[in-house]
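Q: As input, take protein.cif (mmCIF, C-alpha atoms):
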```
data_run
loop_
_atom_site.label_atom_id
_atom_site.label_comp_id
_atom_site.auth_asym_id
_atom_site.auth_seq_id
_atom_site.Cartn_x
_atom_site.Cartn_y
_atom_site.Cartn_z
CA MET A 44 126.10 135.76 131.71
CA HIS A 45 123.50 137.94 133.47
CA GLU A 46 123.43 140.31 130.49
CA ASP A 47 122.92 137.37 128.15
CA LYS A 48 120.02 136.00 130.23
CA ALA A 49 118.37 139.42 130.26
CA PHE A 50 118.71 139.46 126.49
CA LEU A 51 117.26 135.94 126.26
CA GLY A 52 114.26 137.09 128.30
CA ALA A 53 112.95 138.71 125.11
CA TYR A 54 113.10 135.25 123.54
CA GLY A 55 111.09 133.68 126.39
CA TRP A 56 113.74 132.61 128.95
CA THR A 57 111.90 132.06 132.25
CA ALA A 58 112.46 131.15 135.89
CA ALA A 59 111.58 127.54 134.98
CA HIS A 60 114.62 127.42 132.70
CA GLU A 61 116.76 128.84 135.52
CA GLU A 62 115.49 126.10 137.83
CA GLU A 63 116.33 123.37 135.30
CA LEU A 64 119.72 124.96 134.71
CA SER A 65 120.49 124.83 138.43
CA GLN A 66 119.89 121.05 138.38
CA LEU A 67 122.40 120.43 135.59
CA PRO A 68 126.02 119.49 136.25
CA GLN A 69 128.49 122.33 135.88
CA LEU A 70 129.18 122.38 132.15
CA PRO A 71 131.19 124.86 130.11
CA GLY A 72 129.05 126.86 127.73
CA GLN A 73 125.90 128.96 127.77
CA PRO A 74 122.13 128.67 127.19
CA GLY A 75 120.44 129.73 123.98
CA ARG A 76 117.35 129.25 121.86
CA VAL A 77 117.15 127.58 118.47
CA ILE A 78 115.90 130.32 116.12
CA GLY A 79 116.45 128.51 112.82
CA GLU A 80 117.47 125.22 111.33
CA GLU A 81 120.04 124.84 108.59
CA ARG A 82 121.19 121.80 106.67
CA GLY A 83 124.44 121.85 108.59
CA GLY A 84 122.97 122.42 112.07
CA TYR A 85 120.94 124.80 114.20
CA GLU A 86 121.02 128.59 114.49
CA VAL A 87 121.21 129.28 118.22
CA VAL A 88 121.00 132.77 119.73
CA CYS A 89 122.84 133.08 123.05
CA GLY A 90 123.22 136.83 123.53
CA PRO A 91 123.60 140.19 121.78
CA GLY A 92 125.45 139.52 118.53
CA GLN A 93 125.88 135.85 119.49
CA VAL A 94 124.20 133.61 116.92
CA TRP A 95 126.06 130.34 116.44
CA LEU A 96 125.61 127.48 114.00
CA ALA A 97 125.49 124.53 116.42
CA GLN A 98 125.75 120.83 115.67
CA LEU A 99 124.77 117.67 117.52
CA PRO A 100 127.40 115.34 118.95
CA GLY A 101 127.07 111.69 117.98
CA GLY A 102 125.34 109.06 120.10
CA GLU A 103 122.02 107.29 120.55
CA ARG A 104 120.67 110.10 122.71
CA TRP A 105 119.87 112.14 119.59
CA SER A 106 118.79 109.24 117.35
CA ALA A 107 115.00 109.52 117.97
CA PRO A 108 113.37 112.22 115.77
CA LEU A 109 111.41 113.79 118.63
CA GLU A 110 114.48 113.95 120.90
CA LYS A 111 116.51 116.12 118.56
CA PRO A 112 116.33 119.90 119.00
CA ALA A 113 113.94 121.86 116.80
CA VAL A 114 113.18 125.51 116.15
CA GLY A 115 111.92 126.98 119.42
CA ASP A 116 113.90 124.67 121.70
CA TRP A 117 116.12 125.93 124.50
CA VAL A 118 119.56 124.31 124.50
CA TRP A 119 122.91 124.46 126.27
CA VAL A 120 125.78 124.88 123.83
CA GLU A 121 129.54 124.61 124.23
CA ARG A 122 131.98 126.45 121.96
CA PHE A 123 135.59 125.45 121.43
CA GLU A 124 138.04 125.74 118.55
CA GLY A 125 135.42 127.37 116.32
CA LEU A 126 132.96 124.51 116.83
CA THR A 127 129.60 124.82 118.64
CA LEU A 128 127.98 121.67 120.03
CA VAL A 129 124.55 121.15 121.62
CA ARG A 130 125.18 119.50 125.00
CA HIS A 131 121.66 119.60 126.45
CA ARG A 132 118.09 120.27 125.38
CA PHE A 133 115.84 121.82 128.02
CA GLU A 134 112.44 120.32 128.80
CA ARG A 135 109.70 121.48 126.44
CA THR A 136 106.49 123.18 127.48
CA SER A 137 104.88 122.22 124.17
CA CYS A 138 105.79 120.44 120.95
CA LEU A 139 103.73 120.74 117.77
CA VAL A 140 104.24 117.59 115.69
CA ARG A 141 102.89 116.41 112.38
CA LYS A 142 103.27 113.23 110.40
CA GLY A 143 105.94 113.61 107.75
CA VAL A 144 104.85 113.65 104.13
CA GLY A 145 104.64 110.22 102.51
CA GLY A 146 103.10 106.86 103.33
CA ARG A 147 105.84 105.92 105.80
CA GLY A 148 106.59 109.42 107.05
CA GLY A 149 107.70 109.63 110.66
CA PRO A 150 107.06 112.46 113.14
CA GLN A 151 108.22 115.94 112.19
CA ILE A 152 108.43 118.75 114.73
CA VAL A 153 106.79 121.92 113.47
CA GLY A 154 107.85 124.00 116.47
CA ALA A 155 108.78 123.64 120.14
CA ASN A 156 107.88 125.71 123.21
CA LEU A 157 105.04 127.54 121.48
CA ASP A 158 102.67 129.23 123.92
CA LYS A 159 100.02 129.95 121.30
CA VAL A 160 99.49 128.95 117.69
CA PHE A 161 97.68 131.11 115.16
CA VAL A 162 95.82 128.65 112.91
CA VAL A 163 95.57 130.77 109.78
CA SER A 164 92.96 130.39 107.05
CA SER A 165 91.98 132.91 104.40
CA LEU A 166 88.40 134.01 103.77
CA ASN A 167 88.39 132.95 100.13
CA ARG A 168 88.23 129.56 98.47
CA ASP A 169 90.92 128.23 100.83
CA PHE A 170 88.54 128.24 103.83
CA ASN A 171 87.99 124.64 104.91
CA VAL A 172 86.44 123.64 108.24
CA ARG A 173 87.68 120.05 108.00
CA ARG A 174 91.29 121.25 107.66
CA LEU A 175 90.78 123.53 110.67
CA GLU A 176 89.57 120.56 112.74
CA ARG A 177 92.77 118.70 111.89
CA LEU A 178 95.04 121.64 112.75
CA LEU A 179 93.19 122.40 115.98
CA ALA A 180 93.51 118.77 117.10
CA ALA A 181 97.27 118.91 116.50
CA VAL A 182 97.67 122.22 118.35
CA TRP A 183 95.64 121.14 121.39
CA SER A 184 97.70 117.93 121.59
CA SER A 185 100.94 119.91 121.43
CA GLY A 186 100.31 121.71 124.72
CA ALA A 187 99.89 125.14 123.07
CA GLU A 188 96.72 127.24 122.86
CA PRO A 189 95.14 127.68 119.40
CA VAL A 190 93.74 130.91 118.00
CA VAL A 191 91.98 130.80 114.62
CA VAL A 192 92.93 133.77 112.43
CA LEU A 193 90.80 134.36 109.32
CA THR A 194 92.75 136.54 106.89
CA LYS A 195 91.96 138.49 103.70
CA ALA A 196 88.62 139.78 104.92
CA ASP A 197 88.88 142.42 102.18
CA LEU A 198 88.47 139.66 99.55
CA CYS A 199 85.02 138.64 100.80
CA GLU A 200 82.52 139.44 98.07
CA ASP A 201 79.58 138.76 100.39
CA PRO A 202 79.57 141.07 103.46
CA HIS A 203 78.12 138.25 105.56
CA GLU A 204 80.79 135.70 104.49
CA ALA A 205 83.12 136.48 107.41
CA ALA A 206 80.31 136.09 109.96
CA ARG A 207 79.35 132.70 108.48
CA ALA A 208 82.98 131.58 108.63
CA VAL A 209 83.26 132.61 112.29
CA ASN A 210 80.07 130.67 113.09
CA ALA A 211 81.46 127.63 111.26
CA VAL A 212 84.69 127.73 113.28
CA GLN A 213 82.81 128.17 116.55
CA GLY A 214 80.70 125.18 115.59
CA VAL A 215 83.94 123.19 115.45
CA SER A 216 85.31 124.38 118.80
CA ARG A 217 83.60 127.11 120.79
CA GLU A 218 86.46 127.54 123.26
CA VAL A 219 88.90 128.71 120.54
CA PRO A 220 89.13 132.48 119.91
CA VAL A 221 88.42 133.49 116.30
CA GLU A 222 89.87 136.71 114.88
CA VAL A 223 89.01 138.22 111.47
CA VAL A 224 91.75 140.37 109.96
CA SER A 225 92.77 142.18 106.81
CA ALA A 226 96.33 143.49 106.55
CA HIS A 227 95.34 145.38 103.38
CA HIS A 228 92.70 147.37 105.29
CA SER A 229 94.51 147.30 108.69
CA LEU A 230 91.55 145.46 110.19
CA GLY A 231 91.90 143.43 113.39
CA ARG A 232 95.51 144.16 114.40
CA GLU A 233 94.46 145.23 117.90
CA ARG A 234 92.52 141.99 118.35
CA LEU A 235 95.61 139.94 117.48
CA GLN A 236 97.80 141.91 119.86
CA VAL A 237 95.61 140.74 122.75
CA HIS A 238 97.14 137.29 122.24
CA LEU A 239 100.73 138.59 122.24
CA GLY A 240 102.93 139.64 125.13
CA ALA A 241 106.45 139.79 126.52
CA GLY A 242 108.08 136.36 126.47
CA VAL A 243 105.10 134.77 124.68
CA THR A 244 106.00 132.63 121.65
CA VAL A 245 103.37 132.45 118.91
CA GLY A 246 103.60 130.09 115.94
CA LEU A 247 101.69 130.40 112.68
CA VAL A 248 100.42 127.36 110.75
CA GLY A 249 98.24 127.06 107.69
CA SER A 250 98.20 126.23 104.01
CA SER A 251 100.39 127.92 101.43
CA GLY A 252 99.21 131.37 100.46
CA VAL A 253 96.79 132.08 103.31
CA GLY A 254 98.74 135.20 104.25
CA LYS A 255 101.02 134.04 107.08
CA SER A 256 104.05 135.99 105.80
CA THR A 257 101.92 139.10 105.31
CA LEU A 258 100.63 138.62 108.85
CA VAL A 259 104.22 138.39 110.18
CA ASN A 260 105.22 141.59 108.38
CA TRP A 261 102.09 143.32 109.67
CA LEU A 262 102.77 142.36 113.30
CA MET A 263 106.49 143.11 113.03
CA GLY A 264 105.77 146.55 111.58
CA GLN A 265 108.26 146.05 108.74
CA GLU A 266 108.91 143.94 105.66
CA ILE A 267 110.58 140.85 107.13
CA MET A 268 109.13 138.02 105.05
CA GLU A 269 108.80 137.84 101.27
CA THR A 270 105.18 137.81 100.10
CA SER A 271 103.36 137.07 96.83
CA HIS A 272 100.02 138.02 95.34
CA VAL A 273 97.03 135.71 95.17
CA ARG A 274 96.56 133.85 91.85
CA GLN A 275 93.42 135.03 90.14
CA GLY A 276 92.52 131.60 88.72
CA ASP A 277 92.03 129.70 91.97
CA SER A 278 92.35 132.33 94.74
CA LYS A 279 95.43 130.52 96.08
CA GLY A 280 98.49 132.38 97.28
CA ARG A 281 101.99 131.44 96.25
CA HIS A 282 104.29 129.69 98.70
CA THR A 283 106.99 132.10 99.97
CA THR A 284 108.24 130.83 103.35
CA THR A 285 110.75 128.00 102.96
CA GLY A 286 111.84 127.43 106.57
CA ARG A 287 111.00 128.05 110.21
CA HIS A 288 112.52 131.01 112.01
CA LEU A 289 111.93 132.84 115.30
CA LEU A 290 111.52 136.62 115.22
CA VAL A 291 111.40 138.91 118.27
CA MET A 292 108.56 141.41 117.90
CA PRO A 293 109.10 145.10 118.70
CA ARG A 294 107.91 146.79 121.88
CA GLY A 295 108.05 143.62 123.97
CA ARG A 296 105.20 141.83 122.20
CA GLY A 297 106.86 138.43 122.22
CA VAL A 298 108.24 136.06 119.61
CA LEU A 299 106.80 134.92 116.26
CA MET A 300 107.52 131.72 114.37
CA ASP A 301 106.42 131.49 110.77
CA THR A 302 106.27 128.09 109.06
CA PRO A 303 106.15 126.97 105.43
CA GLY A 304 102.68 126.39 104.02
CA MET A 305 101.41 122.83 104.50
CA ARG A 306 99.03 121.32 101.99
CA GLU A 307 99.18 118.10 104.01
CA PHE A 308 99.02 117.91 107.81
CA GLY A 309 98.91 114.38 109.17
CA VAL A 310 98.20 114.25 112.90
CA TRP A 311 100.71 112.50 115.15
CA ASN A 312 99.72 111.14 118.56
CA ALA A 313 96.84 113.63 118.68
CA ALA A 314 94.19 111.61 120.52
CA GLU A 315 93.85 114.25 123.24
CA GLY A 316 93.36 117.02 120.70
CA VAL A 317 90.80 115.02 118.73
CA GLU A 318 88.75 114.51 121.89
CA ARG A 319 88.89 118.24 122.61
CA VAL A 320 87.93 119.40 119.13
CA PHE A 321 85.12 116.85 118.89
CA GLY A 322 83.87 117.20 122.45
CA ASP A 323 80.25 117.20 121.26
CA ILE A 324 80.65 113.78 119.64
CA GLU A 325 82.59 112.46 122.63
CA VAL A 326 79.66 113.38 124.89
CA LEU A 327 77.23 111.62 122.56
CA ALA A 328 79.49 108.55 122.33
CA GLY A 329 79.37 108.28 126.10
CA GLN A 330 75.60 107.93 125.88
CA CYS A 331 75.66 105.00 123.43
CA ARG A 332 74.26 101.68 124.66
CA PHE A 333 77.49 99.81 123.92
CA ARG A 334 80.87 100.99 125.14
CA ASP A 335 82.61 99.82 121.93
CA CYS A 336 79.97 101.38 119.65
CA GLU A 337 81.46 102.36 116.28
CA HIS A 338 78.51 104.63 115.39
CA ASN A 339 77.73 102.74 112.20
CA GLY A 340 74.13 101.71 112.81
CA GLU A 341 74.44 99.82 116.12
CA PRO A 342 71.25 99.78 118.25
CA GLY A 343 71.09 102.43 120.95
CA CYS A 344 73.70 104.63 119.23
CA ALA A 345 73.33 108.20 120.49
CA VAL A 346 75.59 109.52 117.72
CA GLN A 347 73.36 107.98 115.04
CA ALA A 348 70.31 109.45 116.77
CA ALA A 349 71.92 112.92 116.61
CA LEU A 350 72.60 112.39 112.90
CA ASP A 351 69.00 111.39 112.26
CA ALA A 352 67.75 114.43 114.18
CA GLY A 353 69.96 116.79 112.17
CA GLU A 354 71.92 117.80 115.28
CA LEU A 355 75.17 116.42 113.84
CA SER A 356 76.45 116.51 110.27
CA ASP A 357 77.74 113.38 108.58
CA GLN A 358 80.81 115.36 107.41
CA ARG A 359 81.78 116.18 110.98
CA LEU A 360 81.28 112.57 112.10
CA TYR A 361 83.40 111.33 109.18
CA SER A 362 86.16 113.80 110.08
CA TYR A 363 86.04 112.66 113.73
CA GLN A 364 86.27 108.98 112.83
CA LYS A 365 89.07 109.58 110.34
CA LEU A 366 91.19 111.58 112.78
CA ARG A 367 90.61 109.03 115.54
CA ARG A 368 91.83 106.25 113.24
CA GLU A 369 94.90 108.28 112.29
CA ALA A 370 95.73 109.09 115.91
CA ALA A 371 95.29 105.45 117.00
CA TYR A 372 97.45 104.18 114.14
CA GLN A 373 100.25 106.64 114.90
CA ALA A 374 100.10 105.78 118.62
CA ARG A 375 100.52 102.07 117.83
CA ARG A 376 103.33 102.85 115.43
CA GLU A 377 105.12 104.97 118.03
CA ASP A 378 104.84 102.14 120.58
CA ASP A 379 106.29 99.71 118.01
CA ASN A 380 109.17 102.10 117.27
CA GLN A 381 109.96 102.50 120.97
CA LEU A 382 109.99 98.71 121.41
CA ALA A 383 112.24 98.30 118.36
CA THR A 384 114.63 100.94 119.71
CA HIS A 385 114.72 99.22 123.11
CA LEU A 386 115.49 95.83 121.54
CA GLU A 387 118.19 97.32 119.31
CA ARG A 388 119.90 98.91 122.31
CA LYS A 389 119.81 95.58 124.16
CA ARG A 390 121.35 93.88 121.11
CA ARG A 391 124.14 96.46 120.98
CA ARG A 392 124.87 96.05 124.69
CA ARG A 393 125.06 92.25 124.34
CA PHE A 394 127.37 92.62 121.36
CA ALA A 395 129.62 95.06 123.26
CA LYS A 396 129.84 92.66 126.23
CA MET A 397 130.78 89.80 123.91
CA VAL A 398 133.53 91.90 122.31
CA ARG A 399 134.91 92.86 125.75
CA ARG A 400 134.96 89.20 126.88
CA LYS A 401 136.78 88.04 123.75
CA THR A 402 139.22 90.95 123.93
CA LYS A 403 139.92 90.28 127.61
CA GLY A 404 140.61 86.58 126.99
CA SER A 405 142.77 87.01 123.87
CA PRO A 406 146.60 86.73 124.19
CA LYS A 407 148.50 90.01 124.22
CA CYS A 408 151.00 90.60 121.44
#
```
What do you get writing this file as C-alpha cells?
A:
Amino acid sequence: MHEDKAFLGAYGWTAAHEEELSQLPQLPGQPGRVIGEERGGYEVVCGPGQVWLAQLPGGERWSAPLEKPAVGDWVWVERFEGLTLVRHRFERTSCLVRKGVGGRGGPQIVGANLDKVFVVSSLNRDFNVRRLERLLAAVWSSGAEPVVVLTKADLCEDPHEAARAVNAVQGVSREVPVEVVSAHHSLGRERLQVHLGAGVTVGLVGSSGVGKSTLVNWLMGQEIMETSHVRQGDSKGRHTTTGRHLLVMPRGRGVLMDTPGMREFGVWNAAEGVERVFGDIEVLAGQCRFRDCEHNGEPGCAVQAALDAGELSDQRLYSYQKLRREAAYQARREDDNQLATHLERKRRRRFAKMVRRKTKGSPKC
C-alpha cells in the first residue's frame, strides 16, 4: 500500500487525500485516480502495472451527472472475482463543467481536480477573444487557475500579430498569464514549464486544431498524441483527440490532461467566473444609479457612459450580458433539477413504505 501511494504521488495524491481516507470506514480495496473513461467504465490507475477498468454500482447516489466520477477524480475501488467497482469518490478540489451540446444538454464534466488549465488558442484565424472570455469564465468557476497559451506563433505573417493578441487577452483579464509558443520553432517551452510541477495537474482546452495534441507531445518529449496538419483553406486544424486521458510528464513535471476540441462551450453555473473575467464591467455596474440597471439606456448608467466615452466596447458588453444570462439560466435549471430529484426521492420512499405496510398486513401462504 505504501509503495502504491508513493507511485500515486506522481499522479497528484496529497496529504489531503490521506486525511479524507482516514475518515472513511474500513473498506476493502485501494485508492486510485481515473485516467480515462471508456464506454464500459473508468480506467483507474492504482499502482505500478495496476490499471483497472472500474464500474459504478447501482443506486441513486450515482444518478446525478455531476456526482459520477470523471477523468481526474480520485476514487476508492474494490476488486473481487475479476470485477472492479468504484465504492467512493474523493472530494474534488476543482471541477471544470460545460453545458452539453444541444438545446436541452445537461452538465458535462470536462475534467476534475485540475490545478491549472491551459486555455489554448492558435495565432491564426482561430484567434477569438469572445471565445477566450467564455473559456476563462468556465475555468475560474471550476476552481482551477487559467493560463492562456497562444500557439503557432510561426504562422503569424505580421511580426506584431502576437503582441496584439497578447494585448487583446490582457484586455480581457489582466490577472491571467499569457504565453506565446511555437512547437515548430521550439519557442516558449521554458515559459510553459513555469506553470508545471510535481503533483500539479494541468488540463488543456480549446477548439479543434489549435495545437493541443502537438503541445502535449512537445511537453511530454515524445510522440504521445496523434496530430494533423492545418488545412490551407481556412487555417483550421483537424480534430485528432477523441477522449480525455491523464498523462504523467517526465522528470516530475506533473500530469497533463488533453481534451477533444470543442467548437461549442456552453457555460454551466459560471456566475463567479463571469464576474471575474468582466471585473471592469462589474465595477462600472456598481456605479449605476439603479441597482437593477440593465445597461440598456437607463438614466445614470455608468456602463453606458463608458460606452459613450469609448472606454468599453459594445462587443465586450454584449459578451458579458450574454454569459450572465446563460449562467443565470443554468443556475435556475440546476435548482429545478435538484428540487425534482428531491421530490422523486420522497415519492419513492412513500411508495416503499406503502409496499411494506401492505406486505406486512397480507396473509402468509
Q: Which neighbours of A:Glu63 fall inside 12 Å, counting only C-alpha atoms, when residues of the same chain fewer than 3 positions from it are skipped, and could you give them as a ChimeraX atom specification?
A: /A:56-60,66-68,74,117-119,131-135
Q: Write out, as a PDB file, in the coordinates of the input, the residues just selected, with C-alpha atoms.
A:
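Result went into result.pdb, see below:
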```pdb
ATOM      1  CA  TRP A  56     113.740 132.610 128.950  1.00  0.00           C
ATOM      2  CA  THR A  57     111.900 132.060 132.250  1.00  0.00           C
ATOM      3  CA  ALA A  58     112.460 131.150 135.890  1.00  0.00           C
ATOM      4  CA  ALA A  59     111.580 127.540 134.980  1.00  0.00           C
ATOM      5  CA  HIS A  60     114.620 127.420 132.700  1.00  0.00           C
ATOM      6  CA  GLN A  66     119.890 121.050 138.380  1.00  0.00           C
ATOM      7  CA  LEU A  67     122.400 120.430 135.590  1.00  0.00           C
ATOM      8  CA  PRO A  68     126.020 119.490 136.250  1.00  0.00           C
ATOM      9  CA  PRO A  74     122.130 128.670 127.190  1.00  0.00           C
ATOM     10  CA  TRP A 117     116.120 125.930 124.500  1.00  0.00           C
ATOM     11  CA  VAL A 118     119.560 124.310 124.500  1.00  0.00           C
ATOM     12  CA  TRP A 119     122.910 124.460 126.270  1.00  0.00           C
ATOM     13  CA  HIS A 131     121.660 119.600 126.450  1.00  0.00           C
ATOM     14  CA  ARG A 132     118.090 120.270 125.380  1.00  0.00           C
ATOM     15  CA  PHE A 133     115.840 121.820 128.020  1.00  0.00           C
ATOM     16  CA  GLU A 134     112.440 120.320 128.800  1.00  0.00           C
ATOM     17  CA  ARG A 135     109.700 121.480 126.440  1.00  0.00           C
TER      18      ARG A 135
END
```
Q: In Å to one decimal, how far is atom CA of A:His288 from atom CA of A:Arg82?
A: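 Computing the Euclidean distance for atom CA of A:Arg82 and atom CA of A:His288 yields 13.7 Å.
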Q: Evaluate the PyMOL selection byres ((chain A and resi 170-174) around 9) on the structure here and hand back the selected residues as a PDB file with C-alpha atoms, keeping the file's coordinate frame.
A:
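Contents of selection.pdb, as written:
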```
ATOM      1  CA  SER A 164      92.960 130.390 107.050  1.00  0.00           C
ATOM      2  CA  SER A 165      91.980 132.910 104.400  1.00  0.00           C
ATOM      3  CA  LEU A 166      88.400 134.010 103.770  1.00  0.00           C
ATOM      4  CA  ASN A 167      88.390 132.950 100.130  1.00  0.00           C
ATOM      5  CA  ARG A 168      88.230 129.560  98.470  1.00  0.00           C
ATOM      6  CA  ASP A 169      90.920 128.230 100.830  1.00  0.00           C
ATOM      7  CA  LEU A 175      90.780 123.530 110.670  1.00  0.00           C
ATOM      8  CA  GLU A 176      89.570 120.560 112.740  1.00  0.00           C
ATOM      9  CA  ARG A 177      92.770 118.700 111.890  1.00  0.00           C
ATOM     10  CA  LEU A 178      95.040 121.640 112.750  1.00  0.00           C
ATOM     11  CA  LEU A 179      93.190 122.400 115.980  1.00  0.00           C
ATOM     12  CA  LEU A 193      90.800 134.360 109.320  1.00  0.00           C
ATOM     13  CA  ALA A 208      82.980 131.580 108.630  1.00  0.00           C
ATOM     14  CA  ALA A 211      81.460 127.630 111.260  1.00  0.00           C
ATOM     15  CA  VAL A 212      84.690 127.730 113.280  1.00  0.00           C
ATOM     16  CA  VAL A 215      83.940 123.190 115.450  1.00  0.00           C
ATOM     17  CA  PHE A 308      99.020 117.910 107.810  1.00  0.00           C
ATOM     18  CA  GLN A 358      80.810 115.360 107.410  1.00  0.00           C
ATOM     19  CA  ARG A 359      81.780 116.180 110.980  1.00  0.00           C
ATOM     20  CA  SER A 362      86.160 113.800 110.080  1.00  0.00           C
TER      21      SER A 362
END
```
Q: Pick from A:Asn210, A:Asn312, A:Ser137, A:Asn339: nearest to A:Arg367, with all atoms listed in the file counted?
A: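 Under the stated criterion, the closest residue is A:Asn312.
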Q: Given all atoms listed in the file as the basis, pick out the residue of A:Gln373, A:Ser184, A:Ser106, A:Ser229 nearest to A:Ala196.
A: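 Using all atoms listed in the file, A:Ala196 sits closest to A:Ser229.
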Q: The PyMOL selection byres ((chain A and resi 81) around 10) - which residues does that actually catch in the file I just gave you? List them as a ChimeraX atom specification.
A: /A:79-80,82-86,96-98,286-287
